[in-house]
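Everything below concerns the one structure shown next.
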Amino acid sequence: MSDYQTHVFTSTYTADVSGVCSALYELGGMTVIHDPSGCNSTYSTHDEPRWFDTDSLMFVSGLDEMTAVLGDDNVLIDDVTHAVRDLKPRFVTLCSGSIPHIIAFDCKGVAHLLEKRTGVPMLPVTTTGNRSYVAGVGAALTEWVKRFADSLESPYRVSSSGGPDCSANTLEGAAGPESFSVNLLGVTPLDFSINGNVDAMRKVFEDAGIPVNCCAAMGESFDSLRHIFRASVNVVVSSCGRRLARYMEQTAGIPYVEGTPIGAYGAAHLPKLAKKAYEKKRASLEEDSHGALDGTSGSLRMLLAKKKGDSEGICLWKGNPAHERWDVPDGQILIIGEEVFAQSLAAAINQLTPDCRHGLRAFAVWPDVDHGFPEDVLAELIRKSRYIIGDPLYRTIPHDSKQNTFVDFPHEAYSGRIFRDRIPVFIGKNYDVAELL
C-alpha cells in the first residue's frame, strides 16, 4: 500500500512480504525475510496453507532496533552464510519488509556479497511491505526465471549470432501443433488455495488436448520449472503472472493470454484463446520467414524481440461491457477481487442467460498494486450495486443500503486462513456460476 494512505475498513493484499514466499515455496530454495522477529510466524501460520504439509526453508532475519538504527548488515550476512553452509539450499531469495525499506537496506548489494561469499545463487527481490502480493509474486518468479531457466529452449528462439535461426523460426522448423503446450503463470495458493483448484486448472487444458508444460509455481520442482521456455503460449491465470509473461514475450517471443477458467464458459474458451494466440504466432512467423527469403523483410529477431504490451488485450473478458474502472452503473453486479479473476468471473456471469443473472450485468473492480482500494469510492460502489461478490471481509465497509445482496467469495490473499474452508473449487466446467446469484 502507499506510504501515505491509511486504510480504515479494508485489509491489504500484502501477504507474506508481497507474496515472494508463496511464489518460490516449492522450488527447493531458502527464503530470508529481512524484518523483525515474529514476522515469520504470520507468514507460516496465516498466509501459507502448505506450511503444515510441505517442508520449505523460510527464515526471518530478526532485525532488532540497534541493527536498524546503526545499519549493521554484517549480522544478516553472517547469519545467512551459516544457514547456507548448514542447510545447503539450491538458491536463496532475499526480501524485506517495511523497516529495511525505511532505512534504505541495499537488497541487491547484500545479495551480491552473499553469493560471492557462499557460492550459492542469491535472488534479491526488492520488496517494501507497501505493495500488494501481485508485485511480489511477479518480481520473484521473473527473477527466478532470469537466473535459472534457459530462454534458448523457446520454440521461437533466435540464433546466438543475433540473426534468424531458420531451423527454429520458419513454420516448418518451429514446433508443430502436436507439440503445442502452455504454461500457467501466476499460480499460488494466495489466489487458488489448496482445495483442488490448481489440479482442476491443469485438467481444463488437458481435457482440451493441450499439455501443461509448467505451472508457475505450484506442483513444480526446481528442475521442471527450468524448462518453462519450452511452452508455446503462456496463460496468465492471475495478474501475478503478467510480469513474467511480458518478460518471456520480450526475451523469447512467447505470446500470452489472460484469463481464469471459471465455470463452463472459462473452461471452454480459455484453451481456445491459447490456441488462437499460437496460430497467430505461427502465421506471423511464416509471413516473416517468407519475407526474409525474398529480401523484403528484416531479421526475424525484430519479430521476436517484441515490445512490451504486444499480447495485451488477448483476454478471456474481451467484449465484456466496457467501463471506466470505478464507473460502474447503478443496480448491477459488482465483483471485487484480484484483476484477472474478477474480470473472468464477470465475463462468465455475463454469458449466462438474462434470466439467470436477473437481467443484470456484472462489472469487476480490483485493488491497485500500490494503493489498494479508495475506500470512499468502493463504499459507494457497494451501496449502489444490487449484488456484491467478494471476500467476506468486504462486508465491514459501511454502506447505508439494504437493497443489495452480498455473496461471499473468500480470497486467501485478502482474508488469509479465516475463510479458507469456504473457498470453492471454482475452476472448470463443473462449477455453476449461476449459483452465485
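FYI, nothing fancy with the C-alpha cells labels: chains A, B, ... in order, residues from 1 per chain, ligands from 1 as they appear.
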
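Within 9 Å of Ala231 of chain A, once only C-alpha atoms are used and residues closer than 3 positions along the same chain are dropped, the contacting residues are Glu153, Ser154, Pro155, Ser179, Phe180, Ser181, Val182, Asn183, Val212, Asn213, Cys214, His227, Ile228, Asn234 and Ile254 of chain A.
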
Residue list (helix (DSSP H, G or I), DSSP) for segment 304-419 of chain A, as an mmCIF file with all heavy atoms, in the first residue's frame:
data_model
loop_
_atom_site.group_PDB
_atom_site.id
_atom_site.type_symbol
_atom_site.label_atom_id
_atom_site.label_comp_id
_atom_site.auth_asym_id
_atom_site.auth_seq_id
_atom_site.Cartn_x
_atom_site.Cartn_y
_atom_site.Cartn_z
ATOM 1 N N LEU A 304 10.830 -11.309 -33.011
ATOM 2 C CA LEU A 304 10.834 -11.995 -31.726
ATOM 3 C C LEU A 304 11.104 -11.051 -30.562
ATOM 4 O O LEU A 304 10.628 -11.280 -29.461
ATOM 5 C CB LEU A 304 11.894 -13.103 -31.743
ATOM 6 C CG LEU A 304 11.659 -14.171 -32.804
ATOM 7 C CD1 LEU A 304 12.759 -15.209 -32.754
ATOM 8 C CD2 LEU A 304 10.315 -14.829 -32.611
ATOM 9 N N GLU A 339 -7.543 -8.871 -10.201
ATOM 10 C CA GLU A 339 -7.979 -8.381 -11.505
ATOM 11 C C GLU A 339 -8.393 -9.467 -12.487
ATOM 12 O O GLU A 339 -9.502 -9.429 -13.046
ATOM 13 C CB GLU A 339 -6.869 -7.531 -12.129
ATOM 14 C CG GLU A 339 -7.235 -6.970 -13.493
ATOM 15 C CD GLU A 339 -6.107 -6.193 -14.129
ATOM 16 O OE1 GLU A 339 -5.063 -5.987 -13.476
ATOM 17 O OE2 GLU A 339 -6.258 -5.792 -15.297
ATOM 18 N N VAL A 340 -7.520 -10.433 -12.760
ATOM 19 C CA VAL A 340 -7.829 -11.451 -13.773
ATOM 20 C C VAL A 340 -9.005 -12.313 -13.331
ATOM 21 O O VAL A 340 -9.907 -12.617 -14.124
ATOM 22 C CB VAL A 340 -6.581 -12.315 -14.064
ATOM 23 C CG1 VAL A 340 -6.918 -13.449 -15.025
ATOM 24 C CG2 VAL A 340 -5.467 -11.449 -14.653
ATOM 25 N N PHE A 341 -9.021 -12.697 -12.054
ATOM 26 C CA PHE A 341 -10.146 -13.464 -11.530
ATOM 27 C C PHE A 341 -11.447 -12.683 -11.645
ATOM 28 O O PHE A 341 -12.465 -13.195 -12.124
ATOM 29 C CB PHE A 341 -9.891 -13.832 -10.064
ATOM 30 C CG PHE A 341 -11.128 -14.241 -9.314
ATOM 31 C CD1 PHE A 341 -11.622 -15.524 -9.411
ATOM 32 C CD2 PHE A 341 -11.820 -13.319 -8.530
ATOM 33 C CE1 PHE A 341 -12.785 -15.902 -8.739
ATOM 34 C CE2 PHE A 341 -12.966 -13.678 -7.848
ATOM 35 C CZ PHE A 341 -13.461 -14.974 -7.959
ATOM 36 N N ALA A 342 -11.452 -11.435 -11.174
ATOM 37 C CA ALA A 342 -12.682 -10.640 -11.145
ATOM 38 C C ALA A 342 -13.228 -10.416 -12.550
ATOM 39 O O ALA A 342 -14.435 -10.540 -12.793
ATOM 40 C CB ALA A 342 -12.424 -9.312 -10.441
ATOM 41 N N GLN A 343 -12.346 -10.108 -13.483
ATOM 42 C CA GLN A 343 -12.799 -9.871 -14.859
ATOM 43 C C GLN A 343 -13.274 -11.167 -15.520
ATOM 44 O O GLN A 343 -14.241 -11.164 -16.293
ATOM 45 C CB GLN A 343 -11.675 -9.237 -15.674
ATOM 46 C CG GLN A 343 -11.217 -7.893 -15.152
ATOM 47 C CD GLN A 343 -11.217 -6.818 -16.229
ATOM 48 O OE1 GLN A 343 -12.246 -6.498 -16.804
ATOM 49 N NE2 GLN A 343 -10.035 -6.283 -16.490
ATOM 50 N N SER A 344 -12.601 -12.273 -15.206
ATOM 51 C CA SER A 344 -13.022 -13.560 -15.774
ATOM 52 C C SER A 344 -14.373 -13.992 -15.216
ATOM 53 O O SER A 344 -15.220 -14.514 -15.951
ATOM 54 C CB SER A 344 -11.967 -14.640 -15.481
ATOM 55 O OG SER A 344 -10.732 -14.326 -16.081
ATOM 56 N N LEU A 345 -14.587 -13.788 -13.920
ATOM 57 C CA LEU A 345 -15.867 -14.132 -13.323
ATOM 58 C C LEU A 345 -16.980 -13.250 -13.883
ATOM 59 O O LEU A 345 -18.090 -13.733 -14.148
ATOM 60 C CB LEU A 345 -15.800 -13.994 -11.801
ATOM 61 C CG LEU A 345 -17.080 -14.348 -11.032
ATOM 62 C CD1 LEU A 345 -17.546 -15.757 -11.342
ATOM 63 C CD2 LEU A 345 -16.879 -14.162 -9.526
ATOM 64 N N ALA A 346 -16.692 -11.974 -14.073
ATOM 65 C CA ALA A 346 -17.685 -11.085 -14.671
ATOM 66 C C ALA A 346 -18.060 -11.552 -16.070
ATOM 67 O O ALA A 346 -19.244 -11.565 -16.447
ATOM 68 C CB ALA A 346 -17.149 -9.653 -14.710
ATOM 69 N N ALA A 347 -17.074 -11.964 -16.855
ATOM 70 C CA ALA A 347 -17.348 -12.454 -18.207
ATOM 71 C C ALA A 347 -18.190 -13.724 -18.162
ATOM 72 O O ALA A 347 -19.117 -13.890 -18.966
ATOM 73 C CB ALA A 347 -16.033 -12.724 -18.943
ATOM 74 N N ALA A 348 -17.878 -14.627 -17.216
ATOM 75 C CA ALA A 348 -18.643 -15.870 -17.106
ATOM 76 C C ALA A 348 -20.098 -15.590 -16.727
ATOM 77 O O ALA A 348 -21.024 -16.233 -17.253
ATOM 78 C CB ALA A 348 -17.990 -16.790 -16.079
ATOM 79 N N ILE A 349 -20.315 -14.648 -15.828
ATOM 80 C CA ILE A 349 -21.686 -14.302 -15.427
ATOM 81 C C ILE A 349 -22.440 -13.666 -16.592
ATOM 82 O O ILE A 349 -23.612 -13.971 -16.837
ATOM 83 C CB ILE A 349 -21.656 -13.362 -14.205
ATOM 84 C CG1 ILE A 349 -21.194 -14.124 -12.963
ATOM 85 C CG2 ILE A 349 -23.038 -12.738 -13.961
ATOM 86 C CD1 ILE A 349 -21.005 -13.261 -11.733
ATOM 87 N N ASN A 350 -21.766 -12.805 -17.323
ATOM 88 C CA ASN A 350 -22.432 -12.108 -18.427
ATOM 89 C C ASN A 350 -22.751 -13.029 -19.602
ATOM 90 O O ASN A 350 -23.520 -12.643 -20.494
ATOM 91 C CB ASN A 350 -21.579 -10.932 -18.896
ATOM 92 C CG ASN A 350 -21.560 -9.805 -17.893
ATOM 93 O OD1 ASN A 350 -22.513 -9.607 -17.145
ATOM 94 N ND2 ASN A 350 -20.459 -9.066 -17.841
ATOM 95 N N GLU A 375 -11.249 3.774 -0.397
ATOM 96 C CA GLU A 375 -12.355 3.240 0.407
ATOM 97 C C GLU A 375 -13.672 3.977 0.186
ATOM 98 O O GLU A 375 -14.742 3.370 0.184
ATOM 99 C CB GLU A 375 -11.973 3.259 1.883
ATOM 100 C CG GLU A 375 -10.889 2.249 2.219
ATOM 101 C CD GLU A 375 -10.652 2.160 3.718
ATOM 102 O OE1 GLU A 375 -10.989 3.115 4.440
ATOM 103 O OE2 GLU A 375 -10.129 1.127 4.168
ATOM 104 N N ASP A 376 -13.613 5.297 0.004
ATOM 105 C CA ASP A 376 -14.856 6.035 -0.192
ATOM 106 C C ASP A 376 -15.527 5.649 -1.505
ATOM 107 O O ASP A 376 -16.758 5.503 -1.578
ATOM 108 C CB ASP A 376 -14.595 7.539 -0.147
ATOM 109 C CG ASP A 376 -13.505 7.984 -1.113
ATOM 110 O OD1 ASP A 376 -12.717 7.116 -1.553
ATOM 111 O OD2 ASP A 376 -13.433 9.187 -1.429
ATOM 112 N N VAL A 377 -14.713 5.431 -2.553
ATOM 113 C CA VAL A 377 -15.259 5.032 -3.846
ATOM 114 C C VAL A 377 -15.827 3.622 -3.767
ATOM 115 O O VAL A 377 -16.920 3.348 -4.275
ATOM 116 C CB VAL A 377 -14.170 5.112 -4.944
ATOM 117 C CG1 VAL A 377 -14.708 4.590 -6.275
ATOM 118 C CG2 VAL A 377 -13.672 6.544 -5.093
ATOM 119 N N LEU A 378 -15.085 2.714 -3.122
ATOM 120 C CA LEU A 378 -15.550 1.332 -3.006
ATOM 121 C C LEU A 378 -16.845 1.252 -2.202
ATOM 122 O O LEU A 378 -17.768 0.505 -2.550
ATOM 123 C CB LEU A 378 -14.468 0.472 -2.354
ATOM 124 C CG LEU A 378 -14.748 -1.032 -2.288
ATOM 125 C CD1 LEU A 378 -14.945 -1.610 -3.682
ATOM 126 C CD2 LEU A 378 -13.618 -1.766 -1.577
ATOM 127 N N ALA A 379 -16.942 2.029 -1.130
ATOM 128 C CA ALA A 379 -18.163 2.038 -0.322
ATOM 129 C C ALA A 379 -19.358 2.500 -1.149
ATOM 130 O O ALA A 379 -20.464 1.948 -1.024
ATOM 131 C CB ALA A 379 -17.975 2.939 0.892
ATOM 132 N N GLU A 380 -19.149 3.488 -2.005
ATOM 133 C CA GLU A 380 -20.237 3.978 -2.851
ATOM 134 C C GLU A 380 -20.644 2.936 -3.882
ATOM 135 O O GLU A 380 -21.835 2.753 -4.162
ATOM 136 C CB GLU A 380 -19.801 5.270 -3.539
ATOM 137 C CG GLU A 380 -20.820 5.865 -4.507
ATOM 138 C CD GLU A 380 -22.131 6.257 -3.834
ATOM 139 O OE1 GLU A 380 -22.167 6.378 -2.596
ATOM 140 O OE2 GLU A 380 -23.131 6.445 -4.565
ATOM 141 N N LEU A 381 -19.665 2.228 -4.447
ATOM 142 C CA LEU A 381 -19.981 1.170 -5.413
ATOM 143 C C LEU A 381 -20.790 0.057 -4.743
ATOM 144 O O LEU A 381 -21.735 -0.474 -5.336
ATOM 145 C CB LEU A 381 -18.695 0.598 -6.008
ATOM 146 C CG LEU A 381 -17.880 1.511 -6.929
ATOM 147 C CD1 LEU A 381 -16.636 0.792 -7.422
ATOM 148 C CD2 LEU A 381 -18.714 1.982 -8.103
ATOM 149 N N ILE A 382 -20.411 -0.319 -3.535
ATOM 150 C CA ILE A 382 -21.143 -1.350 -2.803
ATOM 151 C C ILE A 382 -22.569 -0.883 -2.506
ATOM 152 O O ILE A 382 -23.535 -1.644 -2.641
ATOM 153 C CB ILE A 382 -20.398 -1.710 -1.504
ATOM 154 C CG1 ILE A 382 -19.092 -2.447 -1.834
ATOM 155 C CG2 ILE A 382 -21.270 -2.577 -0.597
ATOM 156 C CD1 ILE A 382 -18.218 -2.721 -0.629
ATOM 157 N N ARG A 383 -22.694 0.363 -2.110
ATOM 158 C CA ARG A 383 -24.009 0.899 -1.747
ATOM 159 C C ARG A 383 -24.989 0.842 -2.918
ATOM 160 O O ARG A 383 -26.169 0.503 -2.745
ATOM 161 C CB ARG A 383 -23.866 2.342 -1.268
ATOM 162 C CG ARG A 383 -25.174 2.975 -0.779
ATOM 163 C CD ARG A 383 -25.047 4.459 -0.624
ATOM 164 N NE ARG A 383 -24.885 5.122 -1.903
ATOM 165 C CZ ARG A 383 -25.875 5.348 -2.762
ATOM 166 N NH1 ARG A 383 -27.107 4.945 -2.488
ATOM 167 N NH2 ARG A 383 -25.636 5.959 -3.900
ATOM 168 N N LYS A 384 -24.515 1.131 -4.124
ATOM 169 C CA LYS A 384 -25.440 1.262 -5.247
ATOM 170 C C LYS A 384 -25.548 0.006 -6.103
ATOM 171 O O LYS A 384 -26.287 -0.005 -7.082
ATOM 172 C CB LYS A 384 -25.026 2.443 -6.120
ATOM 173 C CG LYS A 384 -23.724 2.252 -6.892
ATOM 174 C CD LYS A 384 -23.387 3.483 -7.714
ATOM 175 C CE LYS A 384 -22.188 3.271 -8.615
ATOM 176 N NZ LYS A 384 -21.882 4.465 -9.439
ATOM 177 N N PRO A 392 -15.570 -12.068 2.268
ATOM 178 C CA PRO A 392 -16.461 -11.659 3.368
ATOM 179 C C PRO A 392 -15.992 -10.441 4.154
ATOM 180 O O PRO A 392 -16.812 -9.724 4.729
ATOM 181 C CB PRO A 392 -16.503 -12.904 4.266
ATOM 182 C CG PRO A 392 -16.209 -14.043 3.347
ATOM 183 C CD PRO A 392 -15.256 -13.506 2.332
ATOM 184 N N LEU A 393 -14.683 -10.182 4.172
ATOM 185 C CA LEU A 393 -14.196 -9.024 4.909
ATOM 186 C C LEU A 393 -14.693 -7.706 4.321
ATOM 187 O O LEU A 393 -14.693 -6.677 4.992
ATOM 188 C CB LEU A 393 -12.667 -9.021 4.965
ATOM 189 C CG LEU A 393 -11.995 -10.024 5.916
ATOM 190 C CD1 LEU A 393 -10.503 -9.780 5.966
ATOM 191 C CD2 LEU A 393 -12.587 -9.948 7.316
ATOM 192 N N TYR A 394 -15.106 -7.735 3.050
ATOM 193 C CA TYR A 394 -15.635 -6.502 2.455
ATOM 194 C C TYR A 394 -17.007 -6.138 3.031
ATOM 195 O O TYR A 394 -17.497 -5.025 2.807
ATOM 196 C CB TYR A 394 -15.718 -6.640 0.931
ATOM 197 C CG TYR A 394 -14.370 -6.526 0.267
ATOM 198 C CD1 TYR A 394 -13.820 -7.612 -0.418
ATOM 199 C CD2 TYR A 394 -13.646 -5.351 0.321
ATOM 200 C CE1 TYR A 394 -12.583 -7.518 -1.022
ATOM 201 C CE2 TYR A 394 -12.393 -5.248 -0.280
ATOM 202 C CZ TYR A 394 -11.874 -6.334 -0.950
ATOM 203 O OH TYR A 394 -10.644 -6.237 -1.541
ATOM 204 N N ARG A 395 -17.611 -7.052 3.754
ATOM 205 C CA ARG A 395 -18.878 -6.730 4.414
ATOM 206 C C ARG A 395 -18.705 -5.637 5.463
ATOM 207 O O ARG A 395 -19.679 -4.969 5.847
ATOM 208 C CB ARG A 395 -19.452 -7.981 5.094
ATOM 209 C CG ARG A 395 -20.013 -9.039 4.153
ATOM 210 C CD ARG A 395 -20.489 -10.237 4.954
ATOM 211 N NE ARG A 395 -21.115 -11.261 4.132
ATOM 212 C CZ ARG A 395 -22.412 -11.345 3.886
ATOM 213 N NH1 ARG A 395 -23.242 -10.430 4.396
ATOM 214 N NH2 ARG A 395 -22.903 -12.326 3.137
ATOM 215 N N THR A 396 -17.490 -5.457 5.962
ATOM 216 C CA THR A 396 -17.254 -4.490 7.031
ATOM 217 C C THR A 396 -17.246 -3.052 6.534
ATOM 218 O O THR A 396 -17.248 -2.123 7.351
ATOM 219 C CB THR A 396 -15.908 -4.779 7.723
ATOM 220 O OG1 THR A 396 -14.833 -4.610 6.777
ATOM 221 C CG2 THR A 396 -15.875 -6.197 8.267
ATOM 222 N N GLU A 412 -7.871 -15.957 -0.347
ATOM 223 C CA GLU A 412 -6.823 -16.195 0.642
ATOM 224 C C GLU A 412 -5.828 -15.041 0.753
ATOM 225 O O GLU A 412 -5.309 -14.752 1.828
ATOM 226 C CB GLU A 412 -6.079 -17.495 0.319
ATOM 227 C CG GLU A 412 -5.179 -17.955 1.427
ATOM 228 C CD GLU A 412 -5.430 -19.400 1.833
ATOM 229 O OE1 GLU A 412 -6.390 -20.010 1.337
ATOM 230 O OE2 GLU A 412 -4.672 -19.913 2.657
ATOM 231 N N ALA A 413 -5.555 -14.369 -0.337
ATOM 232 C CA ALA A 413 -4.611 -13.254 -0.287
ATOM 233 C C ALA A 413 -5.161 -12.065 0.484
ATOM 234 O O ALA A 413 -4.399 -11.188 0.897
ATOM 235 C CB ALA A 413 -4.257 -12.811 -1.704
ATOM 236 N N TYR A 414 -6.473 -12.047 0.695
ATOM 237 C CA TYR A 414 -7.087 -10.909 1.380
ATOM 238 C C TYR A 414 -7.425 -11.225 2.835
ATOM 239 O O TYR A 414 -7.077 -10.470 3.737
ATOM 240 C CB TYR A 414 -8.359 -10.471 0.639
ATOM 241 C CG TYR A 414 -8.962 -9.191 1.156
ATOM 242 C CD1 TYR A 414 -8.298 -7.980 0.961
ATOM 243 C CD2 TYR A 414 -10.173 -9.181 1.834
ATOM 244 C CE1 TYR A 414 -8.832 -6.794 1.435
ATOM 245 C CE2 TYR A 414 -10.717 -7.999 2.306
ATOM 246 C CZ TYR A 414 -10.042 -6.806 2.111
ATOM 247 O OH TYR A 414 -10.574 -5.632 2.580
ATOM 248 N N SER A 415 -8.070 -12.342 3.060
ATOM 249 C CA SER A 415 -8.505 -12.667 4.430
ATOM 250 C C SER A 415 -7.708 -13.807 5.053
ATOM 251 O O SER A 415 -8.034 -14.270 6.145
ATOM 252 C CB SER A 415 -9.998 -13.023 4.433
ATOM 253 O OG SER A 415 -10.274 -14.081 3.536
#

**Prompt:** Which of segment 13-236 of chain A counts as strand (DSSP E) under DSSP, as an MDAnalysis selection string please?
**Reply:** chainID A and resid 30:34 57:60 92:96 122:124 182:185 212:216 233:236

**Message:** I need the residue nearest Ala268 of chain A from this list: A:Val204, A:Leu141, A:Val235, A:Leu184. Use only C-alpha atoms for the distance.
**Reply:** A:Val204

**Prompt:** Within 10 Å of segment 50-61 of chain A, counting only C-alpha atoms, which residues qualify if same-chain residues fewer than 4 places away don't, as a ChimeraX atom specification?
**Reply:** /A:21-22,24-41,43-46,75-77,79-80,83,87,89,92-96,189,193-194

Go ahead and save the picked residues with N, CA, C and O atoms, as a compact mmCIF listing (two decimals), in the first residue's frame.
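Written out: result36.txt:
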# COMPACT_ATOMS: atom_id res chain seq x y z
N CYS A 21 7.31 -15.23 -0.75
CA CYS A 21 7.47 -16.54 -0.11
C CYS A 21 6.61 -17.60 -0.79
O CYS A 21 7.07 -18.72 -1.07
N SER A 22 5.36 -17.28 -1.06
CA SER A 22 4.46 -18.25 -1.69
C SER A 22 4.87 -18.56 -3.12
O SER A 22 4.67 -19.67 -3.60
N LEU A 24 7.84 -18.91 -4.42
CA LEU A 24 9.01 -19.80 -4.55
C LEU A 24 9.02 -20.93 -3.53
O LEU A 24 10.02 -21.60 -3.35
N TYR A 25 7.90 -21.15 -2.88
CA TYR A 25 7.82 -22.06 -1.74
C TYR A 25 8.28 -23.48 -2.07
O TYR A 25 8.96 -24.13 -1.27
N GLU A 26 7.94 -23.99 -3.24
CA GLU A 26 8.15 -25.41 -3.57
C GLU A 26 9.41 -25.69 -4.37
O GLU A 26 9.62 -26.81 -4.82
N LEU A 27 10.27 -24.69 -4.57
CA LEU A 27 11.36 -24.83 -5.54
C LEU A 27 12.70 -25.21 -4.93
O LEU A 27 13.72 -25.17 -5.61
N GLY A 28 12.72 -25.58 -3.64
CA GLY A 28 13.95 -26.10 -3.06
C GLY A 28 14.96 -25.06 -2.63
O GLY A 28 16.12 -25.38 -2.38
N GLY A 29 14.53 -23.81 -2.53
CA GLY A 29 15.44 -22.76 -2.10
C GLY A 29 15.22 -22.38 -0.65
O GLY A 29 14.46 -23.02 0.08
N MET A 30 15.89 -21.34 -0.25
CA MET A 30 15.73 -20.79 1.10
C MET A 30 15.32 -19.33 0.95
O MET A 30 15.94 -18.58 0.19
N THR A 31 14.27 -18.94 1.66
CA THR A 31 13.81 -17.56 1.61
C THR A 31 14.12 -16.88 2.93
O THR A 31 13.79 -17.41 4.00
N VAL A 32 14.79 -15.73 2.86
CA VAL A 32 15.14 -14.96 4.05
C VAL A 32 14.38 -13.64 4.01
O VAL A 32 14.54 -12.84 3.09
N ILE A 33 13.53 -13.44 5.02
CA ILE A 33 12.78 -12.20 5.15
C ILE A 33 13.55 -11.30 6.11
O ILE A 33 13.71 -11.63 7.28
N HIS A 34 14.04 -10.19 5.61
CA HIS A 34 14.78 -9.26 6.47
C HIS A 34 13.77 -8.36 7.17
O HIS A 34 13.23 -7.42 6.59
N ASP A 35 13.49 -8.68 8.42
CA ASP A 35 12.46 -8.00 9.19
C ASP A 35 12.58 -8.42 10.65
O ASP A 35 13.30 -9.38 10.96
N PRO A 36 11.90 -7.76 11.56
CA PRO A 36 11.97 -8.15 12.98
C PRO A 36 11.45 -9.56 13.23
O PRO A 36 10.63 -10.08 12.47
N SER A 37 11.89 -10.16 14.31
CA SER A 37 11.42 -11.49 14.71
C SER A 37 9.91 -11.46 14.94
O SER A 37 9.36 -10.47 15.40
N GLY A 38 9.27 -12.56 14.61
CA GLY A 38 7.82 -12.65 14.76
C GLY A 38 7.10 -12.55 13.45
O GLY A 38 6.00 -13.09 13.29
N CYS A 39 7.71 -11.88 12.46
CA CYS A 39 7.04 -11.73 11.16
C CYS A 39 6.91 -13.07 10.45
O CYS A 39 5.96 -13.28 9.70
N ASN A 40 7.85 -13.96 10.70
CA ASN A 40 7.80 -15.26 10.03
C ASN A 40 6.59 -16.07 10.47
O ASN A 40 6.03 -16.85 9.71
N SER A 41 6.18 -15.91 11.73
CA SER A 41 5.04 -16.69 12.22
C SER A 41 3.75 -16.27 11.52
O SER A 41 2.87 -17.09 11.27
N TYR A 43 3.51 -15.23 8.45
CA TYR A 43 3.56 -15.88 7.15
C TYR A 43 3.25 -17.37 7.26
O TYR A 43 2.39 -17.91 6.56
N SER A 44 3.93 -18.06 8.17
CA SER A 44 3.84 -19.52 8.20
C SER A 44 2.51 -20.04 8.73
O SER A 44 2.09 -21.13 8.37
N THR A 45 1.85 -19.27 9.58
CA THR A 45 0.61 -19.79 10.15
C THR A 45 -0.65 -19.17 9.57
O THR A 45 -1.74 -19.70 9.76
N HIS A 46 -0.54 -18.04 8.88
CA HIS A 46 -1.73 -17.37 8.39
C HIS A 46 -1.82 -17.33 6.86
O HIS A 46 -2.91 -17.48 6.30
N VAL A 75 25.35 -8.57 10.46
CA VAL A 75 24.57 -9.54 11.24
C VAL A 75 23.78 -10.44 10.30
O VAL A 75 23.79 -11.67 10.42
N LEU A 76 23.10 -9.83 9.35
CA LEU A 76 22.32 -10.60 8.37
C LEU A 76 23.24 -11.45 7.50
O LEU A 76 22.97 -12.64 7.27
N ILE A 77 24.33 -10.88 7.03
CA ILE A 77 25.24 -11.60 6.14
C ILE A 77 25.83 -12.82 6.83
O ILE A 77 25.88 -13.92 6.25
N ASP A 79 24.58 -14.49 9.46
CA ASP A 79 23.54 -15.49 9.74
C ASP A 79 23.16 -16.27 8.49
O ASP A 79 23.00 -17.50 8.54
N VAL A 80 23.01 -15.58 7.36
CA VAL A 80 22.65 -16.27 6.12
C VAL A 80 23.78 -17.18 5.68
O VAL A 80 23.55 -18.31 5.22
N ALA A 83 23.64 -20.34 7.75
CA ALA A 83 22.47 -21.15 7.40
C ALA A 83 22.68 -21.86 6.06
O ALA A 83 22.31 -23.03 5.91
N LEU A 87 22.48 -25.88 5.68
CA LEU A 87 21.28 -26.43 5.04
C LEU A 87 21.45 -26.71 3.55
O LEU A 87 20.67 -27.45 2.97
N PRO A 89 20.88 -25.04 0.55
CA PRO A 89 19.79 -24.83 -0.40
C PRO A 89 20.31 -24.64 -1.81
O PRO A 89 21.49 -24.29 -2.00
N VAL A 92 19.02 -18.95 -2.71
CA VAL A 92 18.49 -18.17 -1.59
C VAL A 92 17.79 -16.94 -2.15
O VAL A 92 18.32 -16.25 -3.03
N THR A 93 16.59 -16.68 -1.66
CA THR A 93 15.86 -15.47 -2.02
C THR A 93 15.90 -14.52 -0.84
O THR A 93 15.59 -14.90 0.29
N LEU A 94 16.29 -13.28 -1.11
CA LEU A 94 16.38 -12.27 -0.06
C LEU A 94 15.33 -11.20 -0.34
O LEU A 94 15.31 -10.58 -1.40
N CYS A 95 14.42 -11.01 0.63
CA CYS A 95 13.41 -9.97 0.51
C CYS A 95 13.29 -9.26 1.85
O CYS A 95 13.90 -9.68 2.83
N SER A 96 12.52 -8.20 1.91
CA SER A 96 12.47 -7.44 3.16
C SER A 96 11.10 -6.81 3.36
O SER A 96 10.29 -6.71 2.43
N PRO A 189 -1.10 -20.31 -3.92
CA PRO A 189 -2.27 -20.56 -3.05
C PRO A 189 -2.93 -19.28 -2.57
O PRO A 189 -4.03 -19.33 -2.03
N SER A 193 -5.67 -21.23 -3.38
CA SER A 193 -5.67 -22.08 -2.20
C SER A 193 -5.14 -23.48 -2.53
O SER A 193 -4.44 -23.66 -3.53
N ILE A 194 -5.49 -24.48 -1.70
CA ILE A 194 -5.00 -25.85 -1.94
C ILE A 194 -6.17 -26.84 -1.90
O ILE A 194 -6.04 -27.97 -1.46

**Prompt:** By how many Å are atom CA of Lys272 of chain A and atom CA of Gly209 of chain A apart?
**Reply:**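 Those two atoms sit 10.7 Å apart.
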
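We find atom CA of Ile103 of chain A and atom CA of Leu70 of chain A to be spaced 9.5 Å apart.
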
Residues near Phe373 of chain A, anyone? I mean within 8 Å using only C-alpha atoms, not counting same-chain ones fewer than 6 positions away, as a short mmCIF file (atom, residue, chain, number, x, y, z; two decimals) with N, CA and C atoms, in the first residue's frame.
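The result, stored in around_20.cif:
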data_model
loop_
_atom_site.label_atom_id
_atom_site.label_comp_id
_atom_site.auth_asym_id
_atom_site.auth_seq_id
_atom_site.Cartn_x
_atom_site.Cartn_y
_atom_site.Cartn_z
N THR A 10 -10.69 -1.50 4.96
CA THR A 10 -10.22 -2.58 4.10
C THR A 10 -8.90 -3.14 4.61
N TRP A 366 -10.89 -4.00 -8.98
CA TRP A 366 -9.77 -4.68 -8.33
C TRP A 366 -8.85 -3.65 -7.70
N PRO A 367 -8.07 -4.05 -6.69
CA PRO A 367 -7.22 -3.09 -5.98
C PRO A 367 -6.01 -2.68 -6.80
#

**Request:** With a distance cut-off of 12 Å and only C-alpha atoms, select the neighbouring residues of Asp150 of chain A, excluding the residue or stretch itself and same-chain residues fewer than 6 positions from it, and output the selection as a list of chain:residue names.
**Result:**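 Contacts, with the query itself left out: A:Trp144, A:Arg157, A:Asp223, A:Ser224, A:Leu225, A:Arg226, A:His227, A:Ile228, A:Phe229, A:Arg230, A:Ala231, A:Met248, A:Thr251, A:Ala252.
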